[in-house]
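Content type PDB, C-alpha atoms, from the file final_5.pdb:
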```pdb
ATOM      1  CA  MET A   1      43.405  70.815  37.643
ATOM      2  CA  ASN A   2      44.604  71.273  34.100
ATOM      3  CA  ASP A   3      41.245  71.098  32.379
ATOM      4  CA  LEU A   4      39.501  73.827  34.403
ATOM      5  CA  GLN A   5      37.416  75.922  32.049
ATOM      6  CA  ALA A   6      36.637  79.621  32.335
ATOM      7  CA  ASP A   7      32.906  79.164  32.959
ATOM      8  CA  GLU A   8      33.500  76.880  35.937
ATOM      9  CA  ARG A   9      36.170  78.927  37.652
ATOM     10  CA  GLU A  10      33.792  80.802  39.966
ATOM     11  CA  ILE A  11      31.992  77.728  41.267
ATOM     12  CA  HIS A  12      35.285  75.889  41.483
ATOM     13  CA  GLU A  13      36.767  78.581  43.705
ATOM     14  CA  LEU A  14      33.615  78.552  45.825
ATOM     15  CA  LEU A  15      33.462  74.780  46.311
ATOM     16  CA  SER A  16      37.172  74.152  46.594
ATOM     17  CA  ALA A  17      37.219  76.657  49.454
ATOM     18  CA  VAL A  18      34.866  74.444  51.485
ATOM     19  CA  ARG A  19      37.019  72.887  54.166
ATOM     20  CA  PRO A  20      36.828  69.104  54.334
ATOM     21  CA  ALA A  21      35.001  67.652  57.320
ATOM     22  CA  ALA A  22      37.036  65.696  59.834
ATOM     23  CA  VAL A  23      36.802  61.931  59.652
ATOM     24  CA  PRO A  24      34.754  60.526  62.578
ATOM     25  CA  VAL A  25      36.768  59.281  65.535
ATOM     26  CA  GLY A  26      37.449  55.558  65.301
ATOM     27  CA  PHE A  27      36.663  55.381  61.590
ATOM     28  CA  ARG A  28      39.936  53.762  60.558
ATOM     29  CA  GLU A  29      39.771  51.236  63.399
ATOM     30  CA  ALA A  30      36.197  50.312  62.455
ATOM     31  CA  VAL A  31      37.189  49.745  58.830
ATOM     32  CA  MET A  32      40.245  47.686  59.766
ATOM     33  CA  ARG A  33      38.226  45.578  62.208
ATOM     34  CA  GLU A  34      35.943  44.638  59.310
ATOM     35  CA  VAL A  35      38.865  44.090  56.951
ATOM     36  CA  ARG A  36      40.634  41.776  59.411
ATOM     37  CA  ASN A  37      37.431  39.765  59.758
ATOM     38  CA  GLU A  38      37.457  39.233  56.023
ATOM     39  CA  ARG A  39      39.144  36.009  55.045
ATOM     40  CA  PRO A  40      40.097  35.207  51.485
ATOM     41  CA  ALA A  41      36.977  33.605  50.075
ATOM     42  CA  THR A  42      39.028  30.953  48.318
ATOM     43  CA  ARG A  43      40.282  29.451  51.577
ATOM     44  CA  TRP A  44      36.731  28.638  52.671
ATOM     45  CA  GLU A  45      35.879  27.431  49.208
ATOM     46  CA  TRP A  46      38.724  24.917  49.293
ATOM     47  CA  VAL A  47      37.682  23.702  52.760
ATOM     48  CA  PHE A  48      34.040  23.396  51.715
ATOM     49  CA  ALA A  49      34.904  21.636  48.461
ATOM     50  CA  ALA A  50      37.144  19.175  50.298
ATOM     51  CA  ALA A  51      34.492  18.520  52.954
ATOM     52  CA  LEU A  52      31.964  17.708  50.237
ATOM     53  CA  ALA A  53      34.136  15.748  47.866
ATOM     54  CA  LEU A  54      36.597  13.730  49.971
ATOM     55  CA  PRO A  55      34.098  11.554  51.943
ATOM     56  CA  SER A  56      32.137  11.021  48.737
ATOM     57  CA  LEU A  57      35.257  10.037  46.838
ATOM     58  CA  ALA A  58      36.198   7.651  49.671
ATOM     59  CA  TYR A  59      32.750   6.076  49.523
ATOM     60  CA  LEU A  60      32.940   5.723  45.731
ATOM     61  CA  ALA A  61      36.416   4.185  45.973
ATOM     62  CA  TRP A  62      35.214   1.730  48.588
ATOM     63  CA  GLY A  63      32.204   0.849  46.385
ATOM     64  CA  LEU A  64      34.498   0.325  43.409
ATOM     65  CA  LEU A  65      36.796  -1.960  45.405
ATOM     66  CA  SER A  66      34.022  -4.058  46.864
ATOM     67  CA  HIS A  67      31.667  -4.177  43.841
ATOM     68  CA  GLY A  68      34.101  -3.484  41.023
ATOM     69  CA  ALA A  69      33.728  -6.939  39.506
ATOM     70  CA  GLU A  70      29.925  -6.612  39.322
ATOM     71  CA  LEU A  71      30.250  -3.187  37.793
ATOM     72  CA  GLY A  72      32.663  -4.551  35.202
ATOM     73  CA  VAL A  73      30.235  -7.308  34.240
ATOM     74  CA  SER A  74      27.341  -4.842  34.016
ATOM     75  CA  LEU A  75      29.294  -2.411  31.847
ATOM     76  CA  ASN A  76      30.392  -5.257  29.603
ATOM     77  CA  ALA A  77      26.777  -6.388  29.215
ATOM     78  CA  ILE A  78      25.738  -2.854  28.321
ATOM     79  CA  LEU A  79      28.487  -2.655  25.678
ATOM     80  CA  VAL A  80      27.448  -5.983  24.193
ATOM     81  CA  ALA A  81      23.801  -4.918  24.100
ATOM     82  CA  ALA A  82      24.689  -1.578  22.588
ATOM     83  CA  GLN A  83      26.623  -3.239  19.790
ATOM     84  CA  GLY A  84      23.688  -5.610  19.125
ATOM     85  CA  LEU A  85      25.922  -8.681  19.377
ATOM     86  CA  ASP A  86      23.597 -10.565  21.648
ATOM     87  CA  GLN A  87      19.850  -9.875  21.613
ATOM     88  CA  THR A  88      19.114 -12.323  24.401
ATOM     89  CA  THR A  89      21.045 -10.948  27.358
ATOM     90  CA  GLY A  90      19.587  -8.146  29.429
ATOM     91  CA  ALA A  91      21.800  -5.132  30.010
ATOM     92  CA  ASP A  92      21.221  -3.417  33.298
ATOM     93  CA  ILE A  93      23.267  -1.719  35.937
ATOM     94  CA  VAL A  94      22.325  -1.290  39.565
ATOM     95  CA  VAL A  95      23.580   1.795  41.338
ATOM     96  CA  ASP A  96      22.600   2.478  44.932
ATOM     97  CA  GLY A  97      21.274   5.857  46.023
ATOM     98  CA  LEU A  98      24.314   6.699  48.140
ATOM     99  CA  SER A  99      26.582   6.362  45.104
ATOM    100  CA  ILE A 100      24.414   8.795  43.149
ATOM    101  CA  ILE A 101      24.452  11.277  46.042
ATOM    102  CA  SER A 102      28.224  10.827  46.330
ATOM    103  CA  LEU A 103      28.678  11.511  42.622
ATOM    104  CA  ALA A 104      26.537  14.646  42.917
ATOM    105  CA  LEU A 105      28.542  15.855  45.926
ATOM    106  CA  VAL A 106      31.818  15.262  44.083
ATOM    107  CA  ALA A 107      30.458  17.302  41.171
ATOM    108  CA  VAL A 108      29.417  20.178  43.460
ATOM    109  CA  GLY A 109      32.778  20.043  45.280
ATOM    110  CA  SER A 110      34.617  20.105  41.960
ATOM    111  CA  ALA A 111      32.658  23.144  40.810
ATOM    112  CA  ILE A 112      33.496  25.009  44.035
ATOM    113  CA  ALA A 113      37.163  23.993  43.779
ATOM    114  CA  ALA A 114      37.249  25.166  40.165
ATOM    115  CA  HIS A 115      35.861  28.556  41.211
ATOM    116  CA  ALA A 116      38.448  28.832  44.009
ATOM    117  CA  MET A 117      41.211  27.945  41.578
ATOM    118  CA  LEU A 118      40.060  30.545  39.028
ATOM    119  CA  THR A 119      39.850  33.223  41.732
ATOM    120  CA  SER A 120      43.305  32.351  43.066
ATOM    121  CA  THR A 121      44.734  32.479  39.567
ATOM    122  CA  GLU A 122      43.140  35.891  38.983
ATOM    123  CA  GLN A 123      44.515  37.221  42.287
ATOM    124  CA  HIS A 124      47.945  35.810  41.482
ATOM    125  CA  ARG A 125      47.821  37.410  38.027
ATOM    126  CA  MET A 126      46.936  40.815  39.539
ATOM    127  CA  THR A 127      49.682  40.441  42.153
ATOM    128  CA  ALA A 128      52.256  39.530  39.557
ATOM    129  CA  ARG A 129      51.665  42.676  37.445
TER     130      ARG A 129
ATOM    131  CA  MET B   1      55.067  53.326  49.354
ATOM    132  CA  THR B   2      52.739  53.777  46.373
ATOM    133  CA  ASP B   3      49.066  52.802  46.339
ATOM    134  CA  GLN B   4      49.849  50.031  43.885
ATOM    135  CA  GLU B   5      52.540  48.585  46.163
ATOM    136  CA  ILE B   6      50.098  48.573  49.077
ATOM    137  CA  VAL B   7      47.459  46.845  46.944
ATOM    138  CA  HIS B   8      50.115  44.293  45.978
ATOM    139  CA  LEU B   9      50.816  43.611  49.654
ATOM    140  CA  CYS B  10      47.092  43.236  50.433
ATOM    141  CA  LEU B  11      46.661  40.773  47.578
ATOM    142  CA  SER B  12      49.634  38.815  48.890
ATOM    143  CA  GLY B  13      47.687  38.272  52.116
ATOM    144  CA  ASP B  14      48.821  41.211  54.258
ATOM    145  CA  ALA B  15      45.435  42.628  55.311
ATOM    146  CA  ASP B  16      47.096  45.101  57.696
ATOM    147  CA  ALA B  17      48.672  46.897  54.727
ATOM    148  CA  PHE B  18      45.194  48.114  53.800
ATOM    149  CA  GLU B  19      45.323  50.424  56.832
ATOM    150  CA  ALA B  20      47.698  52.708  54.933
ATOM    151  CA  LEU B  21      45.081  53.166  52.199
ATOM    152  CA  VAL B  22      42.363  53.877  54.790
ATOM    153  CA  GLU B  23      44.697  56.430  56.369
ATOM    154  CA  ARG B  24      45.553  57.989  52.996
ATOM    155  CA  TYR B  25      42.048  58.136  51.507
ATOM    156  CA  GLY B  26      39.776  58.038  54.581
ATOM    157  CA  GLY B  27      39.240  61.799  54.652
ATOM    158  CA  ARG B  28      38.482  62.169  50.958
ATOM    159  CA  VAL B  29      36.223  59.120  50.857
ATOM    160  CA  TYR B  30      34.308  60.320  53.917
ATOM    161  CA  ASN B  31      33.915  63.808  52.435
ATOM    162  CA  VAL B  32      32.670  62.488  49.077
ATOM    163  CA  ALA B  33      30.069  60.414  50.936
ATOM    164  CA  LEU B  34      29.209  63.366  53.176
ATOM    165  CA  ARG B  35      28.594  65.761  50.280
ATOM    166  CA  ILE B  36      26.413  63.212  48.478
ATOM    167  CA  THR B  37      24.378  62.028  51.478
ATOM    168  CA  HIS B  38      24.475  65.358  53.366
ATOM    169  CA  ASP B  39      24.344  63.434  56.636
ATOM    170  CA  PRO B  40      27.395  62.608  58.810
ATOM    171  CA  ASP B  41      26.087  59.262  60.111
ATOM    172  CA  SER B  42      25.085  58.058  56.649
ATOM    173  CA  ALA B  43      28.398  59.290  55.259
ATOM    174  CA  ARG B  44      30.352  57.311  57.876
ATOM    175  CA  ASP B  45      28.404  54.150  57.003
ATOM    176  CA  CYS B  46      28.812  54.703  53.250
ATOM    177  CA  ALA B  47      32.532  55.447  53.562
ATOM    178  CA  GLN B  48      33.072  52.350  55.685
ATOM    179  CA  ASP B  49      31.048  50.283  53.234
ATOM    180  CA  ALA B  50      33.106  51.685  50.356
ATOM    181  CA  PHE B  51      36.403  50.609  51.938
ATOM    182  CA  ILE B  52      35.112  47.113  52.670
ATOM    183  CA  ARG B  53      33.823  46.771  49.101
ATOM    184  CA  ALA B  54      37.138  48.051  47.780
ATOM    185  CA  TYR B  55      39.058  45.534  49.889
ATOM    186  CA  ARG B  56      36.894  42.680  48.605
ATOM    187  CA  ALA B  57      37.346  43.862  45.015
ATOM    188  CA  LEU B  58      41.094  44.603  45.182
ATOM    189  CA  HIS B  59      41.854  41.781  42.750
ATOM    190  CA  GLN B  60      39.717  43.619  40.163
ATOM    191  CA  TYR B  61      41.693  46.854  40.508
ATOM    192  CA  ASP B  62      43.969  47.539  37.559
ATOM    193  CA  PRO B  63      47.256  48.990  38.890
ATOM    194  CA  ALA B  64      47.840  50.687  35.549
ATOM    195  CA  TYR B  65      45.290  53.310  36.656
ATOM    196  CA  PRO B  66      45.377  55.558  39.754
ATOM    197  CA  PHE B  67      43.783  54.095  42.862
ATOM    198  CA  GLY B  68      41.887  57.244  43.973
ATOM    199  CA  PRO B  69      39.322  57.502  41.169
ATOM    200  CA  TRP B  70      38.679  53.731  41.424
ATOM    201  CA  LEU B  71      37.968  54.112  45.133
ATOM    202  CA  PHE B  72      35.812  57.208  44.535
ATOM    203  CA  ARG B  73      33.739  55.243  42.055
ATOM    204  CA  ILE B  74      33.002  52.657  44.744
ATOM    205  CA  THR B  75      32.266  55.432  47.260
ATOM    206  CA  THR B  76      29.948  57.266  44.873
ATOM    207  CA  ASN B  77      28.067  54.067  44.049
ATOM    208  CA  ALA B  78      27.741  53.178  47.741
ATOM    209  CA  SER B  79      26.419  56.667  48.545
ATOM    210  CA  LEU B  80      23.998  56.885  45.602
ATOM    211  CA  ASN B  81      22.721  53.349  46.328
ATOM    212  CA  PHE B  82      22.254  54.336  49.935
ATOM    213  CA  LEU B  83      20.117  57.317  48.879
ATOM    214  CA  GLN B  84      18.131  55.187  46.421
ATOM    215  CA  ARG B  85      17.298  52.645  49.131
ATOM    216  CA  GLY B  86      16.970  55.472  51.528
ATOM    217  CA  ARG B  87      14.654  57.296  53.673
ATOM    218  CA  GLY B  88      13.628  60.550  52.059
ATOM    219  CA  ARG B  89      12.638  60.763  48.389
ATOM    220  CA  GLU B  90      15.421  62.558  46.515
ATOM    221  CA  ILE B  91      14.723  64.581  43.402
ATOM    222  CA  THR B  92      16.208  62.988  40.271
ATOM    223  CA  VAL B  93      18.137  64.693  37.473
ATOM    224  CA  GLU B  94      15.142  64.211  35.141
ATOM    225  CA  GLU B  95      12.744  65.855  37.586
ATOM    226  CA  PHE B  96      15.040  68.736  38.372
ATOM    227  CA  PRO B  97      14.151  71.906  36.415
ATOM    228  CA  ASP B  98      16.853  73.402  34.218
ATOM    229  CA  ALA B  99      18.166  76.576  35.785
ATOM    230  CA  PRO B 100      18.451  79.469  33.315
ATOM    231  CA  GLU B 101      22.025  80.571  32.799
ATOM    232  CA  PRO B 102      22.524  83.771  34.841
ATOM    233  CA  ALA B 103      23.397  86.584  32.448
ATOM    234  CA  ASP B 104      26.102  87.947  34.694
ATOM    235  CA  ALA B 105      26.410  86.090  37.928
ATOM    236  CA  GLY B 106      29.856  87.428  38.727
ATOM    237  CA  PRO B 107      29.112  90.151  41.303
ATOM    238  CA  GLU B 108      26.291  88.122  42.882
ATOM    239  CA  LEU B 109      28.506  85.134  43.275
ATOM    240  CA  SER B 110      31.298  87.263  44.665
ATOM    241  CA  ALA B 111      28.868  88.339  47.361
ATOM    242  CA  VAL B 112      27.849  84.751  47.955
ATOM    243  CA  ARG B 113      31.481  83.848  48.502
ATOM    244  CA  LYS B 114      31.325  85.693  51.757
ATOM    245  CA  GLU B 115      28.417  83.545  52.950
ATOM    246  CA  ASP B 116      29.220  80.915  55.435
ATOM    247  CA  VAL B 117      30.175  77.489  54.179
ATOM    248  CA  GLN B 118      27.003  75.907  55.504
ATOM    249  CA  GLU B 119      24.931  78.017  53.114
ATOM    250  CA  VAL B 120      26.821  76.624  50.136
ATOM    251  CA  LEU B 121      26.489  73.078  51.427
ATOM    252  CA  ASP B 122      22.763  73.519  52.095
ATOM    253  CA  ALA B 123      22.288  74.871  48.580
ATOM    254  CA  MET B 124      24.141  71.836  47.223
ATOM    255  CA  ALA B 125      21.874  69.541  49.203
ATOM    256  CA  GLU B 126      18.885  70.835  47.212
ATOM    257  CA  LEU B 127      20.380  69.471  43.988
ATOM    258  CA  PRO B 128      19.771  65.893  42.745
ATOM    259  CA  PRO B 129      22.308  63.384  44.161
ATOM    260  CA  ALA B 130      23.914  62.842  40.733
ATOM    261  CA  TYR B 131      24.641  66.585  40.457
ATOM    262  CA  ARG B 132      26.005  66.655  44.012
ATOM    263  CA  ALA B 133      28.266  63.720  43.197
ATOM    264  CA  ALA B 134      29.555  65.367  40.015
ATOM    265  CA  LEU B 135      30.198  68.715  41.748
ATOM    266  CA  THR B 136      31.918  67.017  44.684
ATOM    267  CA  LEU B 137      34.243  64.935  42.546
ATOM    268  CA  ARG B 138      35.045  67.719  40.129
ATOM    269  CA  HIS B 139      35.388  70.760  42.381
ATOM    270  CA  MET B 140      36.027  69.403  45.871
ATOM    271  CA  GLN B 141      38.148  66.377  44.967
ATOM    272  CA  GLN B 142      39.726  68.078  41.935
ATOM    273  CA  LEU B 143      39.182  65.188  39.523
ATOM    274  CA  SER B 144      39.432  65.638  35.770
ATOM    275  CA  TYR B 145      36.320  65.356  33.597
ATOM    276  CA  GLN B 146      37.374  61.884  32.487
ATOM    277  CA  GLU B 147      37.976  60.749  36.072
ATOM    278  CA  VAL B 148      34.532  62.061  37.092
ATOM    279  CA  ALA B 149      33.011  60.172  34.155
ATOM    280  CA  ASP B 150      34.823  57.003  35.237
ATOM    281  CA  ALA B 151      33.798  57.469  38.856
ATOM    282  CA  LEU B 152      30.134  58.005  37.981
ATOM    283  CA  GLY B 153      30.104  55.381  35.244
ATOM    284  CA  ILE B 154      28.522  57.756  32.721
ATOM    285  CA  PRO B 155      29.782  59.148  29.388
ATOM    286  CA  LEU B 156      32.070  62.174  29.340
ATOM    287  CA  GLY B 157      29.471  64.273  27.514
ATOM    288  CA  THR B 158      26.836  63.509  30.158
ATOM    289  CA  VAL B 159      29.275  64.560  32.889
ATOM    290  CA  LYS B 160      29.850  67.902  31.171
ATOM    291  CA  THR B 161      26.090  68.433  30.820
ATOM    292  CA  HIS B 162      25.459  67.415  34.440
ATOM    293  CA  LEU B 163      28.177  69.753  35.689
ATOM    294  CA  HIS B 164      27.034  72.658  33.539
ATOM    295  CA  ARG B 165      23.442  72.321  34.799
ATOM    296  CA  ALA B 166      24.555  71.660  38.367
ATOM    297  CA  ARG B 167      26.683  74.817  38.435
ATOM    298  CA  ALA B 168      23.868  76.927  36.994
ATOM    299  CA  ALA B 169      21.404  75.490  39.528
ATOM    300  CA  LEU B 170      23.810  76.021  42.402
ATOM    301  CA  LYS B 171      24.427  79.635  41.385
ATOM    302  CA  GLN B 172      20.706  80.257  41.128
ATOM    303  CA  THR B 173      19.993  78.631  44.506
ATOM    304  CA  LEU B 174      22.711  80.640  46.209
ATOM    305  CA  VAL B 175      21.519  83.900  44.683
ATOM    306  CA  ALA B 176      17.907  83.110  45.637
ATOM    307  CA  ARG B 177      18.929  82.323  49.216
ATOM    308  CA  ARG B 178      20.846  85.572  49.381
ATOM    309  CA  GLY B 179      17.813  87.442  48.026
ATOM    310  CA  LYS B 180      15.569  85.891  50.682
ATOM    311  CA  ARG B 181      17.909  86.903  53.476
ATOM    312  CA  SER B 182      18.341  90.507  52.425
TER     313      SER B 182
END
```

So, in terms of structure tokens, how does the structure I just supplied come out?
Amino acid sequence: MNDLQADEREIHELLSAVRPAAVPVGFREAVMREVRNERPATRWEWVFAAALALPSLAYLAWGLLSHGAELGVSLNAILVAAQGLDQTTGADIVVDGLSIISLALVAVGSAIAAHAMLTSTEQHRMTAR
Amino acid sequence: MTDQEIVHLCLSGDADAFEALVERYGGRVYNVALRITHDPDSARDCAQDAFIRAYRALHQYDPAYPFGPWLFRITTNASLNFLQRGRGREITVEEFPDAPEPADAGPELSAVRKEDVQEVLDAMAELPPAYRAALTLRHMQQLSYQEVADALGIPLGTVKTHLHRARAALKQTLVARRGKRS
């Protein structure tokens, strides 16, 4: 130690003379067992995000294919009403509950995927140093 | 292989590479935890916890700095947290009375040197955990003042104050114990 000062020399000699205790038997194995059980968090995040988002996206795509024309008409009516071009037509849009749940699940899945991507990028950055 | 190269391997997905770090630092980590907790079972749990936390946080480790002090910081935190949650009520630094500086502790301490190691460790156990941690890192693990400050997460000046008071208290406790025995 380069920065050892005169007033601490006595205690330093006393404490540095204390012999280190032996590591308990099986310590390293116990640690490594835990470490091997650890999986990169991002892998599970990707799986979870995909499980949430993919069925929802499939449902939304199916809804768009089967009711796309109605949705187009509704959106057009909303645009017309918003511009005040026609005061007589009603502008409404009907969305079923499953579509709303699907949208919410896609949003949650995207958030999880974004977190996994940021973590992976950070790990890659640290690895690349 | 350097610590940084091993960390690099771990971050690349080779979990088994971490074993080399456990092998290299296991003894020191266990002894830091042991001196802070003063209990072998608690120390084993804290040391194990410290390695697991370190493994999870490897991506936060900056390879520009040495690995040891980073790991000791995690170990110290794990051990101090364990004592905070813990069983017996530990005296804090604020509650601990300032020991007067012995006018000339030299000969007394020389005599104490001949005491058995357990006496020194028992005297250390009477100090607040923060003092034990500072003494352990500085004098048993041979860290610099700055490394101790980093490991404890407190300013350099506070470390110097803690260590000064801890040494005075330890000297006084050892001398008092010696007086009681004789």

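Comparing A:Arg9, A:His67, A:Arg43, A:Arg28 by their smallest distance to A:Val95, the closest is A:His67 (using only C-alpha atoms).
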
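With only C-alpha atoms taken into account, the protein and nucleic acid residues at most 10 Å from B:Lys160 (excluding it and anything under 2 positions from it in its own chain) are Ala134, Tyr145, Gln146, Val148, Ala149, Pro155, Leu156, Gly157, Thr158, His162, Leu163, His164, Arg165 and Ala166 of chain B.
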
- Query: What residues come out when you apply the PyMOL selection byres ((chain B and resi 69) around 10) to this file, written as a ChimeraX atom specification?
  - Reply: /B:65-68,70-75,137,141,143-144,146-152

- Quick one: residues within 10 Å of A:Gly72, all atoms listed in the file counted, chain neighbours fewer than 6 positions away excluded, as a list of chain:residue names? A:Leu64, A:Ile78, A:Ile93

Residue hits in chain B, query chain A, radius 6 Å, all atoms listed in the file, as a PDB file with C-alpha atoms, in the coordinates of the input:
```
ATOM      1  CA  HIS B   8      50.115  44.293  45.978  1.00  0.00           C
ATOM      2  CA  GLY B  27      39.240  61.799  54.652  1.00  0.00           C
ATOM      3  CA  GLN B  48      33.072  52.350  55.685  1.00  0.00           C
ATOM      4  CA  HIS B  59      41.854  41.781  42.750  1.00  0.00           C
ATOM      5  CA  HIS B 139      35.388  70.760  42.381  1.00  0.00           C
ATOM      6  CA  MET B 140      36.027  69.403  45.871  1.00  0.00           C
TER       7      MET B 140
END
```

- Pick out the closest residue to B:Ile36 from this set: B:Ala78, B:Val22, B:Val7, B:Met1. Count all atoms listed in the file. B:Ala78

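For the residues B:Leu121, B:Ala168, B:Val175, B:Ala47, ranking by smallest atom-to-atom distance to B:Thr136 using all atoms listed in the file places B:Leu121 first.
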
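The gap separating atom CA of A:Leu52 from atom CA of A:Leu105 is 5.8 Å, in Å to one decimal.
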
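Straight-line separation from atom CA of B:Glu119 to atom CA of B:Arg177: 8.4 Å.
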
- Find the distance between atom CA of A:Gly68 and atom CA of A:Ala113 and write it in Å to one decimal. 27.8 Å

Coordinates of box centre and edge lengths for stretch 46-64 of chain A, 8 Å on every side, axis-aligned, as JSON:
```
{"center_x": 35.3, "center_y": 12.6, "center_z": 48.2, "size_x": 22.8, "size_y": 40.6, "size_z": 25.5}
```

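Considering all atoms listed in the file, the residue among B:Gly26, B:Gly179, B:Pro128, B:Pro63 positioned nearest to B:Leu11 is B:Pro63.
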
- Task: Evaluate the PyMOL selection byres ((chain A and resi 46) around 10) here and jot the selected residues down as a list in words.
- Result: Ala41, Thr42, Arg43, Trp44, Glu45, Val47, Phe48, Ala49, Ala50, Ala51, Leu52, Gly109, Ser110, Ile112, Ala113, Ala114, His115, Ala116 and Met117 of chain A

- Run the PyMOL selection byres ((chain A and resi 96-99) around 8) mentally over the shown coordinates, then write out the matched residues as a PyMOL selection string, using the chain letters and numbers from the document. chain A and resi 59-60+63+94-95+100-103

Take the residues just selected and output them with C-alpha atoms as an mmCIF file, in the coordinates of the input.
```cif
data_model
loop_
_atom_site.group_PDB
_atom_site.id
_atom_site.type_symbol
_atom_site.label_atom_id
_atom_site.label_comp_id
_atom_site.auth_asym_id
_atom_site.auth_seq_id
_atom_site.Cartn_x
_atom_site.Cartn_y
_atom_site.Cartn_z
ATOM 1 C CA TYR A 59 32.750 6.076 49.523
ATOM 2 C CA LEU A 60 32.940 5.723 45.731
ATOM 3 C CA GLY A 63 32.204 0.849 46.385
ATOM 4 C CA VAL A 94 22.325 -1.290 39.565
ATOM 5 C CA VAL A 95 23.580 1.795 41.338
ATOM 6 C CA ILE A 100 24.414 8.795 43.149
ATOM 7 C CA ILE A 101 24.452 11.277 46.042
ATOM 8 C CA SER A 102 28.224 10.827 46.330
ATOM 9 C CA LEU A 103 28.678 11.511 42.622
#
```

Working from the structure I just supplied, which lacks atoms in stretch 26-38 of chain B, can you model N, CA and C atoms there and output them as a CSV table (one decimal), keeping the file's coordinate frame?
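See selection26.csv below for the written result:
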```csv
chain,number,residue,atom,x,y,z
B,26,GLY,N,40.9,58.0,53.7
B,26,GLY,CA,39.8,58.0,54.6
B,26,GLY,C,39.1,59.4,54.5
B,27,GLY,N,39.8,60.5,54.6
B,27,GLY,CA,39.2,61.8,54.7
B,27,GLY,C,38.5,62.1,53.4
B,28,ARG,N,39.1,61.8,52.2
B,28,ARG,CA,38.5,62.2,51.0
B,28,ARG,C,37.2,61.3,50.7
B,29,VAL,N,37.4,60.0,51.1
B,29,VAL,CA,36.2,59.1,50.9
B,29,VAL,C,35.1,59.6,51.7
B,30,TYR,N,35.4,59.9,53.0
B,30,TYR,CA,34.3,60.3,53.9
B,30,TYR,C,33.7,61.6,53.4
B,31,ASN,N,34.5,62.5,52.9
B,31,ASN,CA,33.9,63.8,52.4
B,31,ASN,C,33.1,63.7,51.2
B,32,VAL,N,33.5,62.8,50.3
B,32,VAL,CA,32.7,62.5,49.1
B,32,VAL,C,31.3,62.0,49.5
B,33,ALA,N,31.3,61.0,50.4
B,33,ALA,CA,30.1,60.4,50.9
B,33,ALA,C,29.2,61.5,51.7
B,34,LEU,N,29.9,62.3,52.4
B,34,LEU,CA,29.2,63.4,53.2
B,34,LEU,C,28.5,64.4,52.3
B,35,ARG,N,29.2,64.8,51.2
B,35,ARG,CA,28.6,65.8,50.3
B,35,ARG,C,27.4,65.1,49.5
B,36,ILE,N,27.5,63.9,49.2
B,36,ILE,CA,26.4,63.2,48.5
B,36,ILE,C,25.2,62.9,49.4
B,37,THR,N,25.5,62.4,50.6
B,37,THR,CA,24.4,62.0,51.5
B,37,THR,C,23.9,63.2,52.3
B,38,HIS,N,24.8,64.2,52.6
B,38,HIS,CA,24.5,65.4,53.4
B,38,HIS,C,24.1,65.0,54.8
```
